Amino acid sequence: MTYIAKPKFHHPGLPKNDLGFTHRDYEGKISTLCAGCGHDSITASIIEACFELSIEPHRVAKISGIGCSSKTPDYFLGNSHGFNSVHGRMPSVLTGANLANRDLIYLGVSGDGDSASIGFGQFAHSIRRGVNMTYIVENNGVYGLTKGQFSATADRGSKSKKGLINSDSPVDLVAIALQLGASFVARSFSGDKSQLVPLIAAAIQHKGAAFIDVISPCVAFNNHAGSTKSFDYVREHNDAVNRLDVITGREPITVEYAPGAVQLVDQHDGTRIALRKIDADYDPHDRVGAMSFLQKHAAKGQIVTGLLYVDPESDDLHSHLDTVEAPLNTLQAKDLCPGTAALDKINASLR
Amino acid sequence: MKPTDISAPDYFHKVVDCQWACPAHTPVPEYIRLIAEGRYSDAYMINWRSNVFPGILGRTCDRPCEPACRRGRVEDTPVAICRLKRVAADFKDDVKHRMPKPMARNGKRIAIVGGGPASLTVARDLAPLGYHCTVFDSDPKAGGMMRTQIPKFRLPDSVIDEETDYILDLGIEFKGGHRIDSLKQLLTETYDAVFVGSGAPRGRELDIPGRKEAAANIHIGIEWLASVSFEHISKIGKRVIVLGGGNTAMDCCRTARRLGGEDVKVIVRSGFEEMKASPWEKEDALHEDIPILNFMVPVAFVHDNGKLTGVTFQKVKAEYDANGRRNLVPSGEADETINCDDVLVAVGQENSFPWIERDCGVEFDKWNMPKVDAKTFVSTNPKVFFGGDAAFGPKNIIWAVAHGHDAALSIHKMLSGEDITERPLPEVTISSQKMGIHEWSYDNDISNDKRYKVPHRDKVIALKDIRAEVELGYDLKLALGEAHRCLNCDVQTVFAAPLCIECDACVDICPMDCITFTENGEEADLRTRLKAPSLHPDQDLYVADGLKTGRVMVKDEDVCLHCGLCAERCPTGAWDMQKYLIDMTLAGTSCPSKARSAA
């Protein structure tokens, strides 16, 4: 970690967003992670995405569990709400917060240990319920804080820094998210911000459970030959199915693409995303197709990245439960107590 | 773009904007760090080696370093480099024992005409090598224009005495009150080389009606300042008009305020903004209640039977032609006469060489200036060298010093039988500043402080005493604060592509968004693809190739804070912070045949 504060000065020509903020205004404290950690690049991508979307920092709630990844919310959006919860319990805390106040943007940050081991059930249920959130897993396949044991997402046959070969099958969080009904599923790589930033921006705008698995090399314990989560391995085996641009406010598309190469997806909040296809046959609206595509490529040792599935007609937990629109803390006694007449009516119906 | 060759001495030199801009290439960040450490004598000696007159320049330099200072592009104001130089001079210990010891005399004799900054620099560089240097000056004491033209309230005699003595004590023969009237004569004497550093001693005339008739109350600025300096003049009328917009005009008006001028005005032809005077000198004049009136061209001196009563001005305005050239054209308003008792004319200076015979081998050009080589400072007579204002017209002290160094080098090479056109490259050293994990041998915590003001003497007291120095200089607390504002631009970011794993850690941490990893392209194209916009195309891009993904690392040097966070966040040590010191080769220093590799 670094002992000096990041200087306050910024480049005098930095662009400003609609709120008049530069991307520096979306930073948090200086990172205490190891130098070169992939997680810091994900932090920078979240900062960039929030800057580009002109999000007001105080409208964001960032919630995490325990682990290297779960420390990162301290390093971005220093003016947002934050909750560093119990190990693996980020999804439950987030679900509760979301039910209490649906007006905030929920950003869940977790790691492979937090989500694929101790919080595996929590992860599953928050996805299954369709909580409106952006769920980011910073996936390095290793327990970094305890010096480099395999985590549940480490590939079978991959080698630890000490030379052990992993004999367990990996948990593929993307496959599980698809199977459990996530309405936005993506995978990306911390070393490819041009792919990751628009994915985060699209996920934030998506209504429903948006899940992004970000492969994030651990420079201290999982960036060696034989690892399948190293910078070199991921760069060599990265099979991107598409790239996307997020278009806010229905602006006309100014970039010219070859016909058929771009697919527009309208999202609930009026924004659209433009998908530039790389794999012409890949259909991001086909959940079953996506699952089999992933399995086939995983068997070949390829890491499929991009926007893997999106349901433009998605819904969230609040619509399923038909909850009240207003945040609970704004409800007054008259909203909460319908009065004697209503009580009498209910009682009468039960007689 | 081709990958940057960081072993070329100029590349990193340019990154140290202040040092690059300084004609004498003073290692500014190095001495500012020494000031911050309380090592004032060391800071002084670094200055003394480069610019010869730290105490004098710390009060009077035209400071080309400050507009160049990176801090001025990062926030509003540059580091007060000049006034920190004065701190080194003010707080140093006795440094006499640190001055060079002359070598045994080599039997060669140099005649030096004029005792100003260029001449004294030549003498200082050559005397320790064993040359017998004789300095001639028509004034009784050494210093030239530094002594005669700069008012004492800006530069006390004690400072000039101290710094000219350091040089004269090197075994130099100083012949004060000895004007050279014939170069031809001088050349017949037994000198092996002659250096002409006689300055630009003539103030330009303003030949308009009434000049001759009212001459008693019209004074040429630099001559008048010299007379004040020698105490031949001690008073002036109550109402004074100073004509001209340069630094001499500023010295004239402020001096007039101290000699009885109550209503002193500076009146300039151009606009206020385009005046030649340094902004800080204009500020000082305004602070002493001296208004500066602009766009007024003097057309006549008004007099009553030879007694000056005022000056008539034509009002003009600026018009720009198709080429952007400014023309002053009459604005159509009526002429205005401003009443006054005295006028000081400070509209420029000229060279004057009545003492150089045109048949002694020194050729002159059509402007009556000697033909001087801009690199070696030799004239068309191989034994005669020029420097300072005498070489290319009026500039300032720091340029005179730079000329002096180059001329001394030429003289030394010539008298050593070497080719003077072959200039030795500077010596460069570059060394890592890494002490441990996140530990550097320089202070990389960036100060957010604004520029500290130099304390001034109370105006009422200052205006009463022409010898009372107005600027009091920083005290140690202010100096420390100001020194911390320096960004250590000489501690360079050095990138080693083979070590880089392209993790983006440096890109993410850089507070100024200087670093971009992208596909290579032509410079113009690359500049459009940087993480933050390229605002100053004159600032270099540092390009490195050889990365695994085939991309290049591009760093825009423009606003880098040299905070070292890129190197702190780099997991593989691909970035390192290395201190780059460039030592300009002076006469007699070892002359490396080629510059040592920078990295």
# chains A, B, ... in the order shown; residues from 1 in each chain; ligands from 1
>>> residues_around(residues="region 221-234 of chain A", least_positions_apart="5", cutoff="8 Å", atoms="only C-alpha atoms", output="mmCIF file with N, CA and C atoms, in the first residue's frame")
data_model
loop_
_atom_site.group_PDB
_atom_site.id
_atom_site.type_symbol
_atom_site.label_atom_id
_atom_site.label_comp_id
_atom_site.auth_asym_id
_atom_site.auth_seq_id
_atom_site.Cartn_x
_atom_site.Cartn_y
_atom_site.Cartn_z
ATOM 1 N N ASN A 140 -10.611 -13.920 -8.456
ATOM 2 C CA ASN A 140 -9.205 -14.209 -8.731
ATOM 3 C C ASN A 140 -8.843 -15.673 -8.488
ATOM 4 N N GLY A 141 -9.826 -16.491 -8.090
ATOM 5 C CA GLY A 141 -9.595 -17.932 -7.971
ATOM 6 C C GLY A 141 -8.676 -18.326 -6.831
ATOM 7 N N VAL A 142 -8.495 -17.411 -5.886
ATOM 8 C CA VAL A 142 -7.510 -17.711 -4.856
ATOM 9 C C VAL A 142 -7.887 -16.972 -3.564
ATOM 10 N N GLY A 144 -6.492 -14.760 -1.317
ATOM 11 C CA GLY A 144 -5.302 -13.921 -1.214
ATOM 12 C C GLY A 144 -4.981 -13.533 0.218
ATOM 13 N N LYS A 147 -3.027 -16.166 2.011
ATOM 14 C CA LYS A 147 -1.773 -16.551 1.366
ATOM 15 C C LYS A 147 -1.884 -17.599 0.268
ATOM 16 N N GLY A 148 -3.011 -17.621 -0.436
ATOM 17 C CA GLY A 148 -2.980 -18.282 -1.728
ATOM 18 C C GLY A 148 -3.524 -19.682 -1.852
ATOM 19 N N ALA A 154 -11.419 -21.780 -8.639
ATOM 20 C CA ALA A 154 -10.171 -22.189 -9.300
ATOM 21 C C ALA A 154 -10.452 -23.386 -10.202
ATOM 22 N N ASP A 155 -9.889 -23.347 -11.399
ATOM 23 C CA ASP A 155 -10.149 -24.426 -12.355
ATOM 24 C C ASP A 155 -9.449 -25.712 -11.921
ATOM 25 N N SER A 158 -5.529 -26.462 -12.437
ATOM 26 C CA SER A 158 -4.667 -25.275 -12.376
ATOM 27 C C SER A 158 -3.711 -25.409 -11.192
ATOM 28 N N LYS A 159 -2.624 -24.665 -11.285
ATOM 29 C CA LYS A 159 -1.536 -24.855 -10.342
ATOM 30 C C LYS A 159 -1.446 -23.673 -9.378
ATOM 31 N N SER A 160 -1.235 -23.973 -8.103
ATOM 32 C CA SER A 160 -1.089 -22.885 -7.126
ATOM 33 C C SER A 160 0.334 -22.350 -7.197
ATOM 34 N N LYS A 161 0.554 -21.218 -6.523
ATOM 35 C CA LYS A 161 1.879 -20.614 -6.557
ATOM 36 C C LYS A 161 2.922 -21.562 -5.953
ATOM 37 N N PHE A 189 -12.881 -8.935 -17.741
ATOM 38 C CA PHE A 189 -11.505 -9.128 -17.284
ATOM 39 C C PHE A 189 -11.009 -7.771 -16.796
ATOM 40 N N GLY A 191 -8.235 -6.557 -16.790
ATOM 41 C CA GLY A 191 -7.224 -5.969 -17.670
ATOM 42 C C GLY A 191 -7.790 -5.445 -18.964
ATOM 43 N N ILE A 215 -12.887 -11.531 -14.019
ATOM 44 C CA ILE A 215 -11.636 -12.223 -13.707
ATOM 45 C C ILE A 215 -10.607 -11.158 -13.356
ATOM 46 N N SER A 216 -9.997 -11.307 -12.188
ATOM 47 C CA SER A 216 -9.157 -10.241 -11.660
ATOM 48 C C SER A 216 -7.890 -10.858 -11.079
ATOM 49 N N ILE A 303 -12.127 -18.688 -22.129
ATOM 50 C CA ILE A 303 -12.874 -17.860 -21.185
ATOM 51 C C ILE A 303 -13.762 -16.938 -22.001
ATOM 52 N N ILE B 501 3.540 -5.960 -16.798
ATOM 53 C CA ILE B 501 2.535 -7.001 -17.039
ATOM 54 C C ILE B 501 1.204 -6.388 -17.465
ATOM 55 N N CYS B 503 -0.953 -4.397 -15.983
ATOM 56 C CA CYS B 503 -2.037 -4.559 -15.015
ATOM 57 C C CYS B 503 -2.834 -3.285 -14.856
#
>>> select_by_dssp(residues="region 374-424 of chain B", states="alpha helix (DSSP H)", output="VMD selection string")
chain B and resid 389 to 392 397 to 415
>>> residues_around(residues="region 404-414 of chain B", least_positions_apart="2", cutoff="8 Å", atoms="only C-alpha atoms", output="mmCIF file with N, CA and C atoms, in the first residue's frame")
data_model
loop_
_atom_site.group_PDB
_atom_site.id
_atom_site.type_symbol
_atom_site.label_atom_id
_atom_site.label_comp_id
_atom_site.auth_asym_id
_atom_site.auth_seq_id
_atom_site.Cartn_x
_atom_site.Cartn_y
_atom_site.Cartn_z
ATOM 1 N N PRO B 117 28.148 41.201 -15.551
ATOM 2 C CA PRO B 117 27.944 39.770 -15.311
ATOM 3 C C PRO B 117 28.617 38.858 -16.340
ATOM 4 N N ALA B 118 28.598 39.217 -17.626
ATOM 5 C CA ALA B 118 29.200 38.338 -18.629
ATOM 6 C C ALA B 118 30.707 38.269 -18.410
ATOM 7 N N SER B 119 31.324 39.443 -18.216
ATOM 8 C CA SER B 119 32.769 39.507 -18.034
ATOM 9 C C SER B 119 33.208 38.765 -16.789
ATOM 10 N N LEU B 120 32.478 38.982 -15.697
ATOM 11 C CA LEU B 120 32.881 38.334 -14.447
ATOM 12 C C LEU B 120 32.717 36.818 -14.540
ATOM 13 N N THR B 121 31.728 36.369 -15.312
ATOM 14 C CA THR B 121 31.555 34.926 -15.500
ATOM 15 C C THR B 121 32.750 34.345 -16.242
ATOM 16 N N VAL B 122 33.186 35.034 -17.288
ATOM 17 C CA VAL B 122 34.352 34.573 -18.038
ATOM 18 C C VAL B 122 35.558 34.495 -17.102
ATOM 19 N N ALA B 123 35.745 35.539 -16.302
ATOM 20 C CA ALA B 123 36.877 35.574 -15.390
ATOM 21 C C ALA B 123 36.787 34.445 -14.367
ATOM 22 N N ASP B 125 35.282 31.557 -14.663
ATOM 23 C CA ASP B 125 35.505 30.237 -15.253
ATOM 24 C C ASP B 125 36.972 30.021 -15.615
ATOM 25 N N LEU B 126 37.660 31.113 -16.003
ATOM 26 C CA LEU B 126 39.023 30.929 -16.518
ATOM 27 C C LEU B 126 40.101 31.064 -15.439
ATOM 28 N N ALA B 193 43.835 36.470 -25.474
ATOM 29 C CA ALA B 193 42.450 36.565 -25.944
ATOM 30 C C ALA B 193 41.820 37.784 -25.291
ATOM 31 N N PHE B 195 38.003 39.378 -24.247
ATOM 32 C CA PHE B 195 36.552 39.190 -24.133
ATOM 33 C C PHE B 195 35.908 40.557 -23.965
ATOM 34 N N LYS B 375 27.067 30.311 -30.993
ATOM 35 C CA LYS B 375 27.399 29.151 -30.174
ATOM 36 C C LYS B 375 28.742 29.354 -29.436
ATOM 37 N N THR B 376 29.706 29.889 -30.174
ATOM 38 C CA THR B 376 31.050 29.995 -29.590
ATOM 39 C C THR B 376 31.351 31.401 -29.085
ATOM 40 N N PHE B 377 30.551 32.383 -29.513
ATOM 41 C CA PHE B 377 30.718 33.782 -29.108
ATOM 42 C C PHE B 377 32.016 34.410 -29.619
ATOM 43 N N VAL B 378 32.605 33.797 -30.633
ATOM 44 C CA VAL B 378 33.796 34.379 -31.218
ATOM 45 C C VAL B 378 33.361 35.396 -32.270
ATOM 46 N N PHE B 385 36.294 37.732 -28.363
ATOM 47 C CA PHE B 385 35.006 37.100 -28.060
ATOM 48 C C PHE B 385 34.076 38.151 -27.459
ATOM 49 N N PHE B 386 32.785 37.941 -27.681
ATOM 50 C CA PHE B 386 31.784 38.860 -27.135
ATOM 51 C C PHE B 386 30.813 38.074 -26.263
ATOM 52 N N GLY B 387 30.134 38.786 -25.364
ATOM 53 C CA GLY B 387 29.105 38.137 -24.562
ATOM 54 C C GLY B 387 28.265 39.167 -23.832
ATOM 55 N N GLY B 388 27.139 38.712 -23.290
ATOM 56 C CA GLY B 388 26.230 39.619 -22.591
ATOM 57 C C GLY B 388 25.550 40.549 -23.583
ATOM 58 N N ALA B 400 23.504 36.924 -19.769
ATOM 59 C CA ALA B 400 24.908 37.337 -19.791
ATOM 60 C C ALA B 400 25.786 36.253 -19.172
ATOM 61 N N VAL B 401 25.298 35.657 -18.074
ATOM 62 C CA VAL B 401 26.052 34.591 -17.419
ATOM 63 C C VAL B 401 26.204 33.407 -18.381
ATOM 64 N N ALA B 402 25.107 33.035 -19.037
ATOM 65 C CA ALA B 402 25.154 31.902 -19.962
ATOM 66 C C ALA B 402 26.157 32.174 -21.091
ATOM 67 N N SER B 416 43.851 25.974 -25.714
ATOM 68 C CA SER B 416 44.366 24.621 -25.529
ATOM 69 C C SER B 416 44.613 23.960 -26.880
ATOM 70 N N GLY B 417 44.423 24.745 -27.929
ATOM 71 C CA GLY B 417 44.674 24.217 -29.266
ATOM 72 C C GLY B 417 43.573 23.308 -29.776
ATOM 73 N N GLU B 418 42.367 23.458 -29.217
ATOM 74 C CA GLU B 418 41.259 22.605 -29.675
ATOM 75 C C GLU B 418 40.340 23.387 -30.586
ATOM 76 N N ASP B 419 39.477 22.637 -31.284
ATOM 77 C CA ASP B 419 38.491 23.239 -32.172
ATOM 78 C C ASP B 419 37.346 23.803 -31.317
ATOM 79 N N ILE B 420 37.148 25.116 -31.392
ATOM 80 C CA ILE B 420 36.129 25.703 -30.495
ATOM 81 C C ILE B 420 34.706 25.390 -30.942
ATOM 82 N N THR B 421 34.536 24.946 -32.187
ATOM 83 C CA THR B 421 33.158 24.667 -32.629
ATOM 84 C C THR B 421 32.675 23.322 -32.089
ATOM 85 N N LEU B 586 31.379 23.313 -18.276
ATOM 86 C CA LEU B 586 31.990 24.637 -18.250
ATOM 87 C C LEU B 586 33.450 24.482 -18.633
ATOM 88 N N ALA B 587 34.106 25.609 -18.838
ATOM 89 C CA ALA B 587 35.525 25.561 -19.194
ATOM 90 C C ALA B 587 36.279 24.789 -18.130
ATOM 91 N N GLY B 588 37.079 23.823 -18.568
ATOM 92 C CA GLY B 588 37.970 23.153 -17.641
ATOM 93 C C GLY B 588 37.409 21.934 -16.951
#
>>> residues_around(residues="Tyr135 (chain A)", least_positions_apart="3", cutoff="7 Å", atoms="only C-alpha atoms", output="short mmCIF file (atom, residue, chain, number, x, y, z; two decimals) with N, CA and C atoms, in the first residue's frame")
data_model
loop_
_atom_site.label_atom_id
_atom_site.label_comp_id
_atom_site.auth_asym_id
_atom_site.auth_seq_id
_atom_site.Cartn_x
_atom_site.Cartn_y
_atom_site.Cartn_z
N LEU A 107 -25.09 -1.48 -5.48
CA LEU A 107 -23.87 -2.02 -6.05
C LEU A 107 -23.33 -3.03 -5.05
N GLY A 108 -23.45 -4.32 -5.39
CA GLY A 108 -22.91 -5.34 -4.51
C GLY A 108 -21.54 -5.77 -5.00
N VAL A 109 -20.54 -5.69 -4.13
CA VAL A 109 -19.20 -6.09 -4.54
C VAL A 109 -18.78 -7.27 -3.69
N ALA A 210 -28.50 -7.99 -12.07
CA ALA A 210 -27.43 -7.94 -13.07
C ALA A 210 -26.17 -8.50 -12.43
N PHE A 211 -25.60 -9.50 -13.06
CA PHE A 211 -24.45 -10.18 -12.46
C PHE A 211 -23.24 -10.05 -13.40
N ILE A 212 -22.11 -9.60 -12.87
CA ILE A 212 -20.89 -9.55 -13.68
C ILE A 212 -19.79 -10.29 -12.94
#
>>> interface_residues(of="chain A", to="chain B", cutoff="7 Å", atoms="only C-alpha atoms", output="JSON, numbers by chain")
{"A": [2, 4, 6, 7, 9, 10, 11, 12, 13, 14, 35, 36, 38, 40, 41, 44, 191]}
>>> write_last_selection(atoms="C-alpha atoms", output="mmCIF file, in the first residue's frame")
data_model
loop_
_atom_site.group_PDB
_atom_site.id
_atom_site.type_symbol
_atom_site.label_atom_id
_atom_site.label_comp_id
_atom_site.auth_asym_id
_atom_site.auth_seq_id
_atom_site.Cartn_x
_atom_site.Cartn_y
_atom_site.Cartn_z
ATOM 1 C CA THR A 2 0.925 3.615 -0.342
ATOM 2 C CA ILE A 4 1.018 9.282 0.902
ATOM 3 C CA LYS A 6 -3.232 10.659 -3.646
ATOM 4 C CA PRO A 7 -2.548 14.269 -4.636
ATOM 5 C CA PHE A 9 -4.449 18.020 -8.153
ATOM 6 C CA HIS A 10 -6.018 16.670 -11.304
ATOM 7 C CA HIS A 11 -5.359 17.153 -14.987
ATOM 8 C CA PRO A 12 -6.593 20.655 -15.879
ATOM 9 C CA GLY A 13 -8.297 19.372 -19.028
ATOM 10 C CA LEU A 14 -10.304 16.532 -17.482
ATOM 11 C CA ALA A 35 0.346 -3.049 -5.956
ATOM 12 C CA GLY A 36 -0.955 -4.254 -9.301
ATOM 13 C CA GLY A 38 -6.728 -6.536 -10.576
ATOM 14 C CA ASP A 40 -7.955 -1.805 -8.349
ATOM 15 C CA SER A 41 -8.684 -1.837 -12.066
ATOM 16 C CA ALA A 44 -11.281 2.319 -11.589
ATOM 17 C CA GLY A 191 -7.224 -5.969 -17.670
#
>>> atom_distance(atom1="CA of Lys8 (chain A)", atom2="CA of Thr516 (chain B)")
20.1 Å
>>> atom_distance(atom1="CA of Ala574 (chain B)", atom2="CA of Ala497 (chain B)")
6.5 Å
>>> residues_around(residues="region 110-116 of chain A", least_positions_apart="4", cutoff="6 Å", atoms="only C-alpha atoms", output="VMD selection string")
chain A and resid 64 69 to 70 88 120 123 137 to 139 152
>>> select_by_dssp(residues="region 14-82 of chain A", states="strand (DSSP E or B)", output="VMD selection string")
chain A and resid 27 60 to 64 76 81 to 82
>>> write_last_selection(atoms="C-alpha atoms", output="CSV table (one decimal), in the first residue's frame")
chain,number,residue,atom,x,y,z
A,27,GLU,CA,-12.8,8.3,-6.1
A,60,VAL,CA,-25.6,4.8,-4.6
A,61,ALA,CA,-25.4,2.2,-1.9
A,62,LYS,CA,-22.3,0.0,-2.1
A,63,ILE,CA,-22.4,-3.2,-0.1
A,64,SER,CA,-19.8,-5.8,0.3
A,76,PHE,CA,-14.5,4.3,-4.9
A,81,HIS,CA,-23.7,5.0,1.3
A,82,GLY,CA,-21.7,1.9,2.2
>>> residues_around(residues="Leu308 (chain A)", least_positions_apart="4", cutoff="12 Å", atoms="only C-alpha atoms", output="number ranges by chain")
A: 174-175, 177-178, 182-188, 199, 210-213, 239-244, 275, 277, 279, 282-294, 303-304
>>> write_last_selection(atoms="N, CA and C atoms", output="tab-separated table (two decimals), in the first residue's frame")
chain	number	residue	atom	x	y	z
A	174	VAL	N	-21.08	-17.64	-13.45
A	174	VAL	CA	-21.87	-17.16	-14.59
A	174	VAL	C	-22.91	-18.19	-14.98
A	175	ALA	N	-22.50	-19.47	-15.03
A	175	ALA	CA	-23.44	-20.53	-15.39
A	175	ALA	C	-24.57	-20.62	-14.37
A	177	ALA	N	-25.60	-18.19	-12.34
A	177	ALA	CA	-26.45	-17.00	-12.43
A	177	ALA	C	-27.45	-17.15	-13.58
A	178	LEU	N	-26.99	-17.70	-14.70
A	178	LEU	CA	-27.90	-17.92	-15.83
A	178	LEU	C	-29.00	-18.90	-15.44
A	182	ALA	N	-30.92	-14.88	-13.55
A	182	ALA	CA	-30.43	-13.49	-13.62
A	182	ALA	C	-30.82	-12.90	-14.97
A	183	SER	N	-31.25	-11.64	-14.98
A	183	SER	CA	-31.72	-11.07	-16.24
A	183	SER	C	-30.62	-10.30	-16.97
A	184	PHE	N	-29.46	-10.22	-16.39
A	184	PHE	CA	-28.31	-9.58	-17.05
A	184	PHE	C	-27.08	-10.34	-16.56
A	185	VAL	N	-26.37	-10.99	-17.46
A	185	VAL	CA	-25.20	-11.79	-17.06
A	185	VAL	C	-24.03	-11.45	-17.98
A	186	ALA	N	-22.91	-11.13	-17.37
A	186	ALA	CA	-21.74	-10.78	-18.18
A	186	ALA	C	-20.50	-11.32	-17.51
A	187	ARG	N	-19.44	-11.47	-18.34
A	187	ARG	CA	-18.14	-11.79	-17.76
A	187	ARG	C	-17.12	-10.87	-18.42
A	188	SER	N	-16.16	-10.44	-17.62
A	188	SER	CA	-15.14	-9.57	-18.19
A	188	SER	C	-13.82	-9.82	-17.47
A	199	LEU	N	-19.89	-2.53	-19.61
A	199	LEU	CA	-20.69	-3.61	-19.00
A	199	LEU	C	-21.22	-3.16	-17.64
A	210	ALA	N	-28.50	-7.99	-12.07
A	210	ALA	CA	-27.43	-7.94	-13.07
A	210	ALA	C	-26.17	-8.50	-12.43
A	211	PHE	N	-25.60	-9.50	-13.06
A	211	PHE	CA	-24.45	-10.18	-12.46
A	211	PHE	C	-23.24	-10.05	-13.40
A	212	ILE	N	-22.11	-9.60	-12.87
A	212	ILE	CA	-20.89	-9.55	-13.68
A	212	ILE	C	-19.79	-10.29	-12.94
A	213	ASP	N	-19.24	-11.27	-13.61
A	213	ASP	CA	-18.09	-12.02	-13.09
A	213	ASP	C	-16.85	-11.40	-13.72
A	239	ASP	N	-12.13	-15.08	-25.02
A	239	ASP	CA	-12.95	-15.22	-26.21
A	239	ASP	C	-14.15	-14.28	-26.06
A	240	ALA	N	-13.98	-13.04	-26.51
A	240	ALA	CA	-15.04	-12.04	-26.34
A	240	ALA	C	-16.10	-12.27	-27.40
A	241	VAL	N	-17.37	-12.39	-26.98
A	241	VAL	CA	-18.44	-12.60	-27.97
A	241	VAL	C	-18.95	-11.27	-28.51
A	242	ASN	N	-18.79	-10.21	-27.73
A	242	ASN	CA	-19.27	-8.91	-28.21
A	242	ASN	C	-18.63	-7.81	-27.39
A	243	ARG	N	-18.72	-6.58	-27.89
A	243	ARG	CA	-18.32	-5.39	-27.15
A	243	ARG	C	-19.57	-4.54	-27.09
A	244	LEU	N	-19.69	-3.69	-26.11
A	244	LEU	CA	-20.89	-2.86	-26.14
A	244	LEU	C	-20.60	-1.41	-25.81
A	275	LEU	N	-24.74	-3.35	-29.03
A	275	LEU	CA	-23.82	-4.48	-28.97
A	275	LEU	C	-23.13	-4.64	-30.30
A	277	LYS	N	-21.24	-7.09	-32.37
A	277	LYS	CA	-21.00	-8.54	-32.32
A	277	LYS	C	-19.59	-8.86	-32.77
A	279	ASP	N	-18.70	-12.48	-32.26
A	279	ASP	CA	-19.11	-13.81	-32.71
A	279	ASP	C	-20.50	-13.65	-33.34
A	282	TYR	N	-23.58	-15.56	-31.94
A	282	TYR	CA	-23.94	-15.51	-30.53
A	282	TYR	C	-25.17	-14.63	-30.32
A	283	ASP	N	-26.19	-15.21	-29.64
A	283	ASP	CA	-27.43	-14.45	-29.39
A	283	ASP	C	-27.56	-14.19	-27.90
A	284	PRO	N	-27.38	-12.93	-27.47
A	284	PRO	CA	-27.42	-12.65	-26.03
A	284	PRO	C	-28.82	-12.68	-25.43
A	285	HIS	N	-29.86	-12.98	-26.25
A	285	HIS	CA	-31.21	-13.09	-25.68
A	285	HIS	C	-31.60	-14.55	-25.45
A	286	ASP	N	-30.69	-15.47	-25.72
A	286	ASP	CA	-31.01	-16.89	-25.64
A	286	ASP	C	-30.31	-17.51	-24.43
A	287	ARG	N	-31.10	-17.64	-23.33
A	287	ARG	CA	-30.51	-18.12	-22.08
A	287	ARG	C	-29.96	-19.54	-22.22
A	288	VAL	N	-30.74	-20.40	-22.84
A	288	VAL	CA	-30.31	-21.80	-22.95
A	288	VAL	C	-29.11	-21.90	-23.88
A	289	GLY	N	-29.16	-21.16	-24.98
A	289	GLY	CA	-28.04	-21.15	-25.92
A	289	GLY	C	-26.76	-20.66	-25.24
A	290	ALA	N	-26.92	-19.63	-24.41
A	290	ALA	CA	-25.77	-19.07	-23.71
A	290	ALA	C	-25.14	-20.11	-22.81
A	291	MET	N	-26.01	-20.85	-22.09
A	291	MET	CA	-25.49	-21.86	-21.16
A	291	MET	C	-24.69	-22.92	-21.90
A	292	SER	N	-25.20	-23.37	-23.03
A	292	SER	CA	-24.47	-24.43	-23.73
A	292	SER	C	-23.21	-23.88	-24.40
A	293	PHE	N	-23.30	-22.63	-24.88
A	293	PHE	CA	-22.12	-21.99	-25.49
A	293	PHE	C	-20.99	-21.91	-24.46
A	294	LEU	N	-21.37	-21.50	-23.25
A	294	LEU	CA	-20.38	-21.36	-22.18
A	294	LEU	C	-19.72	-22.70	-21.86
A	303	ILE	N	-12.13	-18.69	-22.13
A	303	ILE	CA	-12.87	-17.86	-21.19
A	303	ILE	C	-13.76	-16.94	-22.00
A	304	VAL	N	-15.06	-17.22	-21.98
A	304	VAL	CA	-15.99	-16.42	-22.78
A	304	VAL	C	-16.29	-15.13	-22.03
>>> residues_around(residues="Arg358 (chain B)", least_positions_apart="5", cutoff="12 Å", atoms="only C-alpha atoms", output="ChimeraX atom specification")
/B:182-184,353,363-365,368-371,380-381
>>> atom_distance(atom1="CA of Glu262 (chain B)", atom2="CA of Val228 (chain B)")
17.4 Å
>>> closest_atom_pairs(of="region 42-95 of chain B", to="region 131-149 of chain B", cutoff="10 Å", atoms="only C-alpha atoms", output="CSV")
residue,atom,partner,partner_atom,distance
B:Ile56,CA,B:Met146,CA,8.1
B:Leu57,CA,B:Met146,CA,9.7
B:Thr60,CA,B:Met146,CA,8.9
>>> write_last_selection(atoms="C-alpha atoms", output="JSON list (two decimals), in the first residue's frame")
[["chain", "number", "residue", "atom", "x", "y", "z"],
["B", 56, "ILE", "CA", 22.00, 39.09, -7.07],
["B", 57, "LEU", "CA", 19.85, 36.91, -9.32],
["B", 60, "THR", "CA", 16.72, 40.63, -9.83]]
>>> closest_residue(among="B:Asp10, B:Asp556, B:Glu522, B:Glu66", to="Ser278 (chain B)", atoms="only C-alpha atoms")
B:Glu66
>>> closest_residue(among="A:Ala5, A:Ala298, A:Ala333, A:Cys50", to="Thr22 (chain A)", atoms="only C-alpha atoms")
A:Cys50
>>> closest_residue(among="B:Arg211, B:His232, B:Lys96, B:Lys315", to="Asp169 (chain B)", atoms="only C-alpha atoms")
B:Lys96
